[in-house]
Structure formats: structure tokens, C-alpha cells
>>> print(open('query15.json').read())   # JSON, C-alpha atoms
[["chain", "number", "residue", "atom", "x", "y", "z"],
["A", 175, "MET", "CA", 3.61, 50.61, 13.94],
["A", 176, "ASP", "CA", 1.37, 50.09, 16.97],
["A", 177, "ALA", "CA", 1.46, 46.36, 16.29],
["A", 178, "ALA", "CA", 5.26, 46.46, 16.04],
["A", 179, "ARG", "CA", 5.54, 48.21, 19.41],
["A", 180, "LEU", "CA", 3.02, 45.81, 20.97],
["A", 181, "THR", "CA", 4.88, 42.77, 19.62],
["A", 182, "ILE", "CA", 8.23, 44.10, 20.85],
["A", 183, "ARG", "CA", 6.70, 44.84, 24.26],
["A", 184, "GLN", "CA", 5.39, 41.27, 24.49],
["A", 185, "THR", "CA", 8.24, 39.30, 22.90],
["A", 186, "GLY", "CA", 11.25, 41.58, 22.85],
["A", 187, "LEU", "CA", 13.06, 42.45, 19.64],
["A", 188, "VAL", "CA", 14.16, 38.87, 19.12],
["A", 189, "GLY", "CA", 10.57, 37.66, 18.91],
["A", 190, "ALA", "CA", 9.34, 40.54, 16.79],
["A", 191, "SER", "CA", 9.19, 38.76, 13.46],
["A", 192, "SER", "CA", 7.32, 40.16, 10.48],
["A", 193, "ARG", "CA", 4.83, 37.35, 10.91],
["A", 194, "GLU", "CA", 4.17, 38.21, 14.58],
["A", 195, "ILE", "CA", 3.85, 41.92, 13.82],
["A", 196, "THR", "CA", 1.41, 41.43, 10.94],
["A", 197, "LYS", "CA", -0.54, 38.93, 13.01],
["A", 198, "ALA", "CA", -0.93, 41.55, 15.76],
["A", 199, "ALA", "CA", -1.93, 44.13, 13.13],
["A", 200, "ASN", "CA", -4.31, 41.73, 11.42],
["A", 201, "ALA", "CA", -2.50, 42.55, 8.18],
["A", 202, "ASN", "CA", -0.99, 40.68, 5.27],
["A", 203, "LEU", "CA", 2.66, 39.68, 5.67],
["A", 204, "ALA", "CA", 3.55, 41.58, 2.49],
["A", 205, "ALA", "CA", 2.32, 44.83, 4.09],
["A", 206, "VAL", "CA", 5.60, 45.18, 6.00],
["A", 207, "THR", "CA", 7.76, 45.42, 2.88],
["A", 208, "TYR", "CA", 5.10, 47.29, 0.90],
["A", 209, "TYR", "CA", 4.69, 50.11, 3.43],
["A", 210, "PHE", "CA", 8.06, 50.16, 5.19],
["A", 211, "GLY", "CA", 10.60, 48.47, 2.91],
["A", 212, "SER", "CA", 11.71, 45.96, 5.53],
["A", 213, "LYS", "CA", 10.95, 44.75, 9.02],
["A", 214, "ASP", "CA", 14.06, 46.57, 10.24],
["A", 215, "ASP", "CA", 12.81, 49.88, 8.80],
["A", 216, "LEU", "CA", 9.39, 49.31, 10.38],
["A", 217, "ILE", "CA", 10.94, 48.62, 13.78],
["A", 218, "ALA", "CA", 13.27, 51.63, 13.56],
["A", 219, "GLU", "CA", 10.35, 53.91, 12.69],
["A", 220, "ALA", "CA", 8.10, 52.36, 15.32],
["A", 221, "LEU", "CA", 10.67, 52.76, 18.07],
["A", 222, "PHE", "CA", 12.62, 55.91, 17.32],
["A", 223, "GLY", "CA", 9.87, 57.77, 15.47],
["A", 224, "GLU", "CA", 7.57, 57.26, 18.42],
["A", 225, "LEU", "CA", 10.25, 58.35, 20.86],
["A", 226, "GLU", "CA", 10.88, 61.52, 18.88],
["A", 227, "ARG", "CA", 7.14, 62.23, 18.72],
["A", 228, "ARG", "CA", 6.88, 61.84, 22.48],
["A", 229, "VAL", "CA", 9.79, 64.09, 23.43],
["A", 230, "GLN", "CA", 9.10, 66.83, 20.86],
["A", 231, "PRO", "CA", 6.43, 68.64, 22.93],
["A", 232, "ALA", "CA", 8.80, 68.78, 25.90],
["A", 233, "LEU", "CA", 11.62, 70.07, 23.73],
["A", 234, "SER", "CA", 9.37, 72.74, 22.24],
["A", 235, "LEU", "CA", 9.04, 74.15, 25.77],
["A", 236, "LEU", "CA", 12.70, 75.11, 25.51],
["A", 237, "ASP", "CA", 11.70, 77.62, 22.81],
["A", 238, "GLY", "CA", 8.79, 79.04, 24.79],
["A", 239, "PRO", "CA", 8.50, 82.15, 26.91],
["A", 240, "GLY", "CA", 10.20, 82.64, 30.23],
["A", 241, "SER", "CA", 13.67, 82.45, 31.64],
["A", 242, "PRO", "CA", 15.97, 79.61, 30.54],
["A", 243, "GLU", "CA", 15.67, 78.15, 34.07],
["A", 244, "ALA", "CA", 11.87, 78.11, 33.93],
["A", 245, "ARG", "CA", 11.93, 76.59, 30.43],
["A", 246, "MET", "CA", 14.35, 73.86, 31.48],
["A", 247, "LEU", "CA", 12.30, 73.00, 34.55],
["A", 248, "ALA", "CA", 9.13, 72.95, 32.41],
["A", 249, "MET", "CA", 10.86, 70.58, 29.98],
["A", 250, "VAL", "CA", 11.92, 68.26, 32.82],
["A", 251, "GLN", "CA", 8.34, 68.26, 34.13],
["A", 252, "ALA", "CA", 6.90, 67.56, 30.67],
["A", 253, "LEU", "CA", 9.34, 64.68, 30.11],
["A", 254, "SER", "CA", 8.40, 63.23, 33.50],
["A", 255, "GLU", "CA", 4.72, 63.43, 32.60],
["A", 256, "GLU", "CA", 5.38, 61.76, 29.24],
["A", 257, "PHE", "CA", 7.27, 59.04, 31.07],
["A", 258, "ASP", "CA", 4.16, 58.49, 33.22],
["A", 259, "ARG", "CA", 1.99, 58.19, 30.11],
["A", 260, "SER", "CA", 4.36, 55.86, 28.27],
["A", 261, "GLY", "CA", 5.93, 53.86, 31.10],
["A", 262, "ASP", "CA", 4.94, 50.58, 29.46],
["A", 263, "ASP", "CA", 7.23, 51.41, 26.54],
["A", 264, "THR", "CA", 10.33, 51.92, 28.66],
["A", 265, "LEU", "CA", 11.57, 48.39, 28.13],
["A", 266, "VAL", "CA", 10.87, 48.73, 24.41],
["A", 267, "TYR", "CA", 12.98, 51.88, 24.42],
["A", 268, "PHE", "CA", 15.88, 50.08, 26.13],
["A", 269, "GLU", "CA", 15.63, 47.25, 23.63],
["A", 270, "ALA", "CA", 15.86, 49.85, 20.87],
["A", 271, "LEU", "CA", 18.97, 51.39, 22.42],
["A", 272, "LEU", "CA", 20.65, 48.01, 22.70],
["A", 273, "LEU", "CA", 19.77, 47.22, 19.12],
["A", 274, "ALA", "CA", 21.14, 50.59, 18.00],
["A", 275, "ALA", "CA", 24.39, 49.88, 19.83],
["A", 276, "ARG", "CA", 24.75, 46.56, 17.98],
["A", 277, "ASP", "CA", 23.34, 47.23, 14.53],
["A", 278, "GLN", "CA", 24.40, 50.02, 12.16],
["A", 279, "ARG", "CA", 20.96, 50.21, 10.51],
["A", 280, "TYR", "CA", 19.35, 51.22, 13.80],
["A", 281, "ARG", "CA", 22.31, 53.22, 15.04],
["A", 282, "ARG", "CA", 21.87, 55.82, 12.29],
["A", 283, "THR", "CA", 18.26, 56.53, 13.33],
["A", 284, "ALA", "CA", 19.00, 56.46, 17.06],
["A", 285, "LEU", "CA", 22.08, 58.64, 16.71],
["A", 286, "ALA", "CA", 20.22, 61.27, 14.69],
["A", 287, "LEU", "CA", 17.57, 61.54, 17.41],
["A", 288, "TYR", "CA", 20.14, 61.53, 20.22],
["A", 289, "ARG", "CA", 22.26, 64.21, 18.58],
["A", 290, "SER", "CA", 19.21, 66.37, 17.92],
["A", 291, "LEU", "CA", 18.19, 66.16, 21.58],
["A", 292, "ARG", "CA", 21.72, 66.81, 22.80],
["A", 293, "ARG", "CA", 22.17, 69.79, 20.46],
["A", 294, "ARG", "CA", 18.90, 71.39, 21.63],
["A", 295, "LEU", "CA", 19.77, 70.89, 25.30],
["A", 296, "ALA", "CA", 23.25, 72.31, 24.71],
["A", 297, "GLU", "CA", 21.69, 75.46, 23.20],
["A", 298, "VAL", "CA", 19.64, 76.02, 26.36],
["A", 299, "ILE", "CA", 22.71, 75.41, 28.52],
["A", 300, "VAL", "CA", 24.54, 78.12, 26.56],
["A", 301, "GLU", "CA", 21.62, 80.46, 27.33],
["A", 302, "LEU", "CA", 21.75, 79.49, 31.00],
["A", 303, "LYS", "CA", 25.47, 80.23, 31.08],
["A", 304, "GLY", "CA", 24.91, 83.57, 29.34],
["A", 305, "GLU", "CA", 22.46, 84.57, 32.07],
["A", 306, "ASP", "CA", 24.77, 83.32, 34.84],
["A", 307, "ALA", "CA", 22.14, 80.75, 35.82],
["A", 308, "ILE", "CA", 24.78, 78.01, 35.77],
["A", 309, "PRO", "CA", 28.56, 78.23, 36.27],
["A", 310, "ASP", "CA", 31.05, 78.97, 33.51],
["A", 311, "TRP", "CA", 32.77, 75.61, 33.99],
["A", 312, "VAL", "CA", 29.72, 73.76, 32.61],
["A", 313, "ALA", "CA", 30.51, 72.51, 29.10],
["A", 314, "PRO", "CA", 27.22, 72.68, 27.16],
["A", 315, "ASP", "CA", 27.68, 69.57, 25.00],
["A", 316, "ALA", "CA", 29.02, 67.46, 27.86],
["A", 317, "MET", "CA", 26.25, 68.64, 30.23],
["A", 318, "ALA", "CA", 23.60, 67.94, 27.58],
["A", 319, "ALA", "CA", 25.00, 64.42, 27.22],
["A", 320, "LEU", "CA", 24.97, 64.06, 31.02],
["A", 321, "ILE", "CA", 21.32, 65.15, 31.14],
["A", 322, "LEU", "CA", 20.43, 62.48, 28.57],
["A", 323, "ALA", "CA", 22.44, 59.89, 30.51],
["A", 324, "VAL", "CA", 20.64, 60.83, 33.72],
["A", 325, "ALA", "CA", 17.27, 60.55, 31.96],
["A", 326, "ASN", "CA", 18.19, 57.08, 30.72],
["A", 327, "GLY", "CA", 19.39, 56.13, 34.19],
["A", 328, "ILE", "CA", 16.15, 57.32, 35.77],
["A", 329, "ALA", "CA", 14.16, 55.29, 33.27],
["A", 330, "LEU", "CA", 16.27, 52.20, 33.96],
["A", 331, "GLN", "CA", 16.00, 52.64, 37.73],
["A", 332, "SER", "CA", 12.22, 52.93, 37.48],
["A", 333, "GLN", "CA", 12.13, 49.54, 35.78],
["A", 334, "LEU", "CA", 14.58, 47.85, 38.16],
["A", 335, "ASP", "CA", 13.17, 49.35, 41.35],
["A", 336, "PRO", "CA", 9.60, 50.56, 40.75],
["A", 337, "LYS", "CA", 9.12, 51.14, 44.49],
["A", 338, "GLY", "CA", 12.29, 53.23, 44.71],
["A", 339, "PRO", "CA", 12.47, 57.01, 44.62],
["A", 340, "ASP", "CA", 9.90, 58.67, 42.39],
["A", 341, "HIS", "CA", 11.26, 59.63, 38.97],
["A", 342, "HIS", "CA", 9.67, 63.10, 39.28],
["A", 343, "ALA", "CA", 11.64, 63.74, 42.45],
["A", 344, "ILE", "CA", 14.87, 62.45, 40.91],
["A", 345, "SER", "CA", 14.44, 64.58, 37.78],
["A", 346, "ALA", "CA", 13.61, 67.69, 39.79],
["A", 347, "GLN", "CA", 16.55, 67.04, 42.12],
["A", 348, "PHE", "CA", 18.96, 66.85, 39.19],
["A", 349, "ALA", "CA", 17.60, 70.01, 37.53],
["A", 350, "GLN", "CA", 17.76, 71.89, 40.84],
["A", 351, "LEU", "CA", 21.30, 70.63, 41.46],
["A", 352, "LEU", "CA", 22.42, 71.99, 38.10],
["A", 353, "LEU", "CA", 20.75, 75.34, 38.68],
["A", 354, "ALA", "CA", 22.02, 75.54, 42.28],
["A", 355, "ALA", "CA", 25.60, 75.32, 41.03],
["A", 356, "ALA", "CA", 25.20, 78.86, 39.62],
["A", 357, "PRO", "CA", 27.48, 81.48, 41.07],
["A", 358, "THR", "CA", 25.88, 83.86, 43.51],
["A", 359, "PRO", "CA", 27.07, 87.42, 44.11],
["A", 360, "GLY", "CA", 30.00, 87.47, 46.51],
["A", 361, "ARG", "CA", 30.71, 83.76, 46.04],
["A", 362, "SER", "CA", 33.53, 82.61, 43.82]]
>>> encode(input="query15.json", output="C-alpha cells")
Amino acid sequence: MDAARLTIRQTGLVGASSREITKAANANLAAVTYYFGSKDDLIAEALFGELERRVQPALSLLDGPGSPEARMLAMVQALSEEFDRSGDDTLVYFEALLLAARDQRYRRTALALYRSLRRRLAEVIVELKGEDAIPDWVAPDAMAALILAVANGIALQSQLDPKGPDHHAISAQFAQLLLAAAPTPGRS
């Protein structure tokens, strides 16, 4: 799977043939079908399995101790730190999203991960609403989808304009904006 990610990083998905992947892995060409079933299954696992593995520790912070606000801010911080560690894979991630948008085989895997992330974020948003940390007008599922869209936008911006605003600052700004929208006593 490391060889698949490396090949995609170097050649894009179009150039990630079974031959190139096994060459990078110093493995027999038949290993792809033997271990993964197909090149497409290998690529889906390499891309989306790795993404899920990377975001899981941040998501687990949502179940940790503390107020929902503190947990959400800790999750944003953890995702930003993971982004720092895995910045080289950002373009690979975008290639995976494009592939998922075009190809049903990848869409299933990508959609399962996306829906899982969105569902977990929506649960925390419900908690935040229950504690009056965010306004009643916030729709949990829609806000969770917005958070994911913002995260994708931040990742894209960091690739297009690496000298632009720091992604930590952008992420923190968005989280603070959401939390600042909470009603305060005496304000309607």
C-alpha cells in the first residue's frame, strides 16, 4: 500500500499501473491480485484506508473528556497536526476524491468514510446545541457537511497557495466562528 501511495504521489492515478506499483514495492506483479483482488481494490484501500487511519485519532477526541467545545477544538487541532504530518499526501487525497466522484467502485469506499465522519461530527454538533454552545438554527448534518467542505477547502488552498494563510489559523478561525455564533444571555 505504501508503494501504491508513492506511485500515485509521483505519477497521479493515471500513471499508477499495477506494474509501476509492484516495481516500487519490489514485488511480483501477481501480488496485486493475490493480496488485494485488483489494482482498483489496492488503490481504494491505500487511499481511503490510510485517510481513515489518519483521521481516527482526531475523531476519537470527540468521545473524550471535557466540554463539547473543548473536544471539537481538540479535534480541529489534531486534524491540523495530522495535516502537517501528511501534507505530501494531500494531492493524493484530492486525486482519490476525483476518482470517487467518477467511478462507482471508489465512490462506495469514499462515501462510507465521508458519511461516517459527517455522522460523528453531527453527533457532536447536537451536543453543542444541547449545551447552548451553538445556536438552535444550526442544522447538525448540514453543519457537519460544511465542516468537511471547509476542511477540504483548506487542504486545497494550502496546495494552491502554500505561502497563504496558515491552515492552523484558518481552522481555528472557523471553529471559533461557529462557537462564537452561540447565543449569549440577554442576546436574541
>>> atom_distance(input="query15.json", atom1="CA of Gln251 (chain A)", atom2="CA of Gln333 (chain A)")
19.2 Å
>>> residues_around(input="query15.json", residues="region 225-236 of chain A", least_positions_apart="6", cutoff="6 Å", atoms="only C-alpha atoms", output="ChimeraX atom specification")
/A:245,249,252-253
>>> atom_distance(input="query15.json", atom1="CA of Asp340 (chain A)", atom2="CA of Leu302 (chain A)")
26.5 Å
>>> atom_distance(input="query15.json", atom1="CA of Gln184 (chain A)", atom2="CA of Ala198 (chain A)")
10.8 Å
>>> residues_around(input="query15.json", residues="Ala270 (chain A)", least_positions_apart="4", cutoff="9 Å", atoms="only C-alpha atoms", output="VMD selection string")
chain A and resid 187 217 to 218 221 to 222 265 to 266 274 to 275 280 284
>>> write_last_selection(input="query15.json", atoms="C-alpha atoms", output="mmCIF file, in the frame of the given file")
data_model
loop_
_atom_site.group_PDB
_atom_site.id
_atom_site.type_symbol
_atom_site.label_atom_id
_atom_site.label_comp_id
_atom_site.auth_asym_id
_atom_site.auth_seq_id
_atom_site.Cartn_x
_atom_site.Cartn_y
_atom_site.Cartn_z
ATOM 1 C CA LEU A 187 13.060 42.450 19.640
ATOM 2 C CA ILE A 217 10.940 48.620 13.780
ATOM 3 C CA ALA A 218 13.270 51.630 13.560
ATOM 4 C CA LEU A 221 10.670 52.760 18.070
ATOM 5 C CA PHE A 222 12.620 55.910 17.320
ATOM 6 C CA LEU A 265 11.570 48.390 28.130
ATOM 7 C CA VAL A 266 10.870 48.730 24.410
ATOM 8 C CA ALA A 274 21.140 50.590 18.000
ATOM 9 C CA ALA A 275 24.390 49.880 19.830
ATOM 10 C CA TYR A 280 19.350 51.220 13.800
ATOM 11 C CA ALA A 284 19.000 56.460 17.060
#
>>> closest_residue(input="query15.json", among="A:Gln350, A:Ala178, A:Leu247, A:Thr185", to="Lys213 (chain A)", atoms="all atoms listed in the file")
A:Ala178
>>> residues_around(input="query15.json", residues="Ser254 (chain A)", least_positions_apart="5", cutoff="8 Å", atoms="only C-alpha atoms", output="list in words")
His341, His342 and Ser345 of chain A
>>> decode(input="query15.json", residues="region 198-269 of chain A", atoms="C-alpha atoms", output="PDB file, in the first residue's frame")
ATOM      1  CA  ALA A 198       8.017   0.453  -6.439  1.00  0.00           C
ATOM      2  CA  ALA A 199       7.235  -2.326  -3.935  1.00  0.00           C
ATOM      3  CA  ASN A 200       9.863  -4.634  -5.407  1.00  0.00           C
ATOM      4  CA  ALA A 201       7.127  -7.259  -5.647  1.00  0.00           C
ATOM      5  CA  ASN A 202       5.794  -9.687  -8.220  1.00  0.00           C
ATOM      6  CA  LEU A 203       3.058  -8.339 -10.489  1.00  0.00           C
ATOM      7  CA  ALA A 204       0.728 -11.144  -9.379  1.00  0.00           C
ATOM      8  CA  ALA A 205       0.948  -9.894  -5.772  1.00  0.00           C
ATOM      9  CA  VAL A 206      -1.622  -7.178  -6.507  1.00  0.00           C
ATOM     10  CA  THR A 207      -4.404  -9.605  -7.404  1.00  0.00           C
ATOM     11  CA  TYR A 208      -3.273 -12.206  -4.867  1.00  0.00           C
ATOM     12  CA  TYR A 209      -3.383  -9.851  -1.875  1.00  0.00           C
ATOM     13  CA  PHE A 210      -5.951  -7.253  -2.936  1.00  0.00           C
ATOM     14  CA  GLY A 211      -8.106  -8.786  -5.672  1.00  0.00           C
ATOM     15  CA  SER A 212      -7.454  -5.997  -8.151  1.00  0.00           C
ATOM     16  CA  LYS A 213      -5.437  -2.841  -8.642  1.00  0.00           C
ATOM     17  CA  ASP A 214      -8.605  -0.818  -8.032  1.00  0.00           C
ATOM     18  CA  ASP A 215      -9.145  -2.508  -4.655  1.00  0.00           C
ATOM     19  CA  LEU A 216      -5.500  -1.904  -3.730  1.00  0.00           C
ATOM     20  CA  ILE A 217      -5.759   1.781  -4.622  1.00  0.00           C
ATOM     21  CA  ALA A 218      -9.058   2.217  -2.763  1.00  0.00           C
ATOM     22  CA  GLU A 219      -7.579   0.627   0.360  1.00  0.00           C
ATOM     23  CA  ALA A 220      -4.318   2.545   0.040  1.00  0.00           C
ATOM     24  CA  LEU A 221      -6.066   5.885  -0.304  1.00  0.00           C
ATOM     25  CA  PHE A 222      -9.215   5.708   1.786  1.00  0.00           C
ATOM     26  CA  GLY A 223      -7.972   3.213   4.361  1.00  0.00           C
ATOM     27  CA  GLU A 224      -4.995   5.436   5.042  1.00  0.00           C
ATOM     28  CA  LEU A 225      -7.186   8.518   5.265  1.00  0.00           C
ATOM     29  CA  GLU A 226      -9.479   6.808   7.751  1.00  0.00           C
ATOM     30  CA  ARG A 227      -6.487   5.659   9.814  1.00  0.00           C
ATOM     31  CA  ARG A 228      -5.162   9.211   9.908  1.00  0.00           C
ATOM     32  CA  VAL A 229      -8.385  10.925  10.962  1.00  0.00           C
ATOM     33  CA  GLN A 230      -9.489   8.299  13.504  1.00  0.00           C
ATOM     34  CA  PRO A 231      -7.308   9.599  16.379  1.00  0.00           C
ATOM     35  CA  ALA A 232      -8.729  13.093  15.898  1.00  0.00           C
ATOM     36  CA  LEU A 233     -12.274  11.765  15.806  1.00  0.00           C
ATOM     37  CA  SER A 234     -11.692   9.758  18.979  1.00  0.00           C
ATOM     38  CA  LEU A 235     -11.074  13.089  20.736  1.00  0.00           C
ATOM     39  CA  LEU A 236     -14.756  13.819  20.203  1.00  0.00           C
ATOM     40  CA  ASP A 237     -15.525  10.976  22.636  1.00  0.00           C
ATOM     41  CA  GLY A 238     -13.002  12.124  25.232  1.00  0.00           C
ATOM     42  CA  PRO A 239     -13.438  14.122  28.409  1.00  0.00           C
ATOM     43  CA  GLY A 240     -14.309  17.780  28.529  1.00  0.00           C
ATOM     44  CA  SER A 241     -16.954  20.055  27.174  1.00  0.00           C
ATOM     45  CA  PRO A 242     -18.158  19.588  23.580  1.00  0.00           C
ATOM     46  CA  GLU A 243     -16.446  22.890  22.686  1.00  0.00           C
ATOM     47  CA  ALA A 244     -13.098  21.740  24.076  1.00  0.00           C
ATOM     48  CA  ARG A 245     -13.424  18.370  22.327  1.00  0.00           C
ATOM     49  CA  MET A 246     -14.243  19.999  18.992  1.00  0.00           C
ATOM     50  CA  LEU A 247     -11.318  22.408  19.274  1.00  0.00           C
ATOM     51  CA  ALA A 248      -9.029  19.495  20.229  1.00  0.00           C
ATOM     52  CA  MET A 249     -10.237  17.595  17.160  1.00  0.00           C
ATOM     53  CA  VAL A 250      -9.566  20.586  14.892  1.00  0.00           C
ATOM     54  CA  GLN A 251      -6.068  20.896  16.378  1.00  0.00           C
ATOM     55  CA  ALA A 252      -5.381  17.167  15.941  1.00  0.00           C
ATOM     56  CA  LEU A 253      -6.551  17.251  12.319  1.00  0.00           C
ATOM     57  CA  SER A 254      -4.305  20.256  11.661  1.00  0.00           C
ATOM     58  CA  GLU A 255      -1.349  18.402  13.160  1.00  0.00           C
ATOM     59  CA  GLU A 256      -2.117  15.328  11.049  1.00  0.00           C
ATOM     60  CA  PHE A 257      -2.276  17.571   8.007  1.00  0.00           C
ATOM     61  CA  ASP A 258       1.237  18.801   8.885  1.00  0.00           C
ATOM     62  CA  ARG A 259       2.497  15.225   9.138  1.00  0.00           C
ATOM     63  CA  SER A 260       0.852  14.057   5.918  1.00  0.00           C
ATOM     64  CA  GLY A 261       0.948  17.187   3.751  1.00  0.00           C
ATOM     65  CA  ASP A 262       2.699  15.307   0.953  1.00  0.00           C
ATOM     66  CA  ASP A 263      -0.376  13.113   0.565  1.00  0.00           C
ATOM     67  CA  THR A 264      -2.801  15.986   0.064  1.00  0.00           C
ATOM     68  CA  LEU A 265      -2.645  15.770  -3.710  1.00  0.00           C
ATOM     69  CA  VAL A 266      -3.089  12.001  -3.484  1.00  0.00           C
ATOM     70  CA  TYR A 267      -6.191  12.614  -1.383  1.00  0.00           C
ATOM     71  CA  PHE A 268      -7.627  15.011  -3.977  1.00  0.00           C
ATOM     72  CA  GLU A 269      -6.924  12.506  -6.732  1.00  0.00           C
TER      73      GLU A 269
END
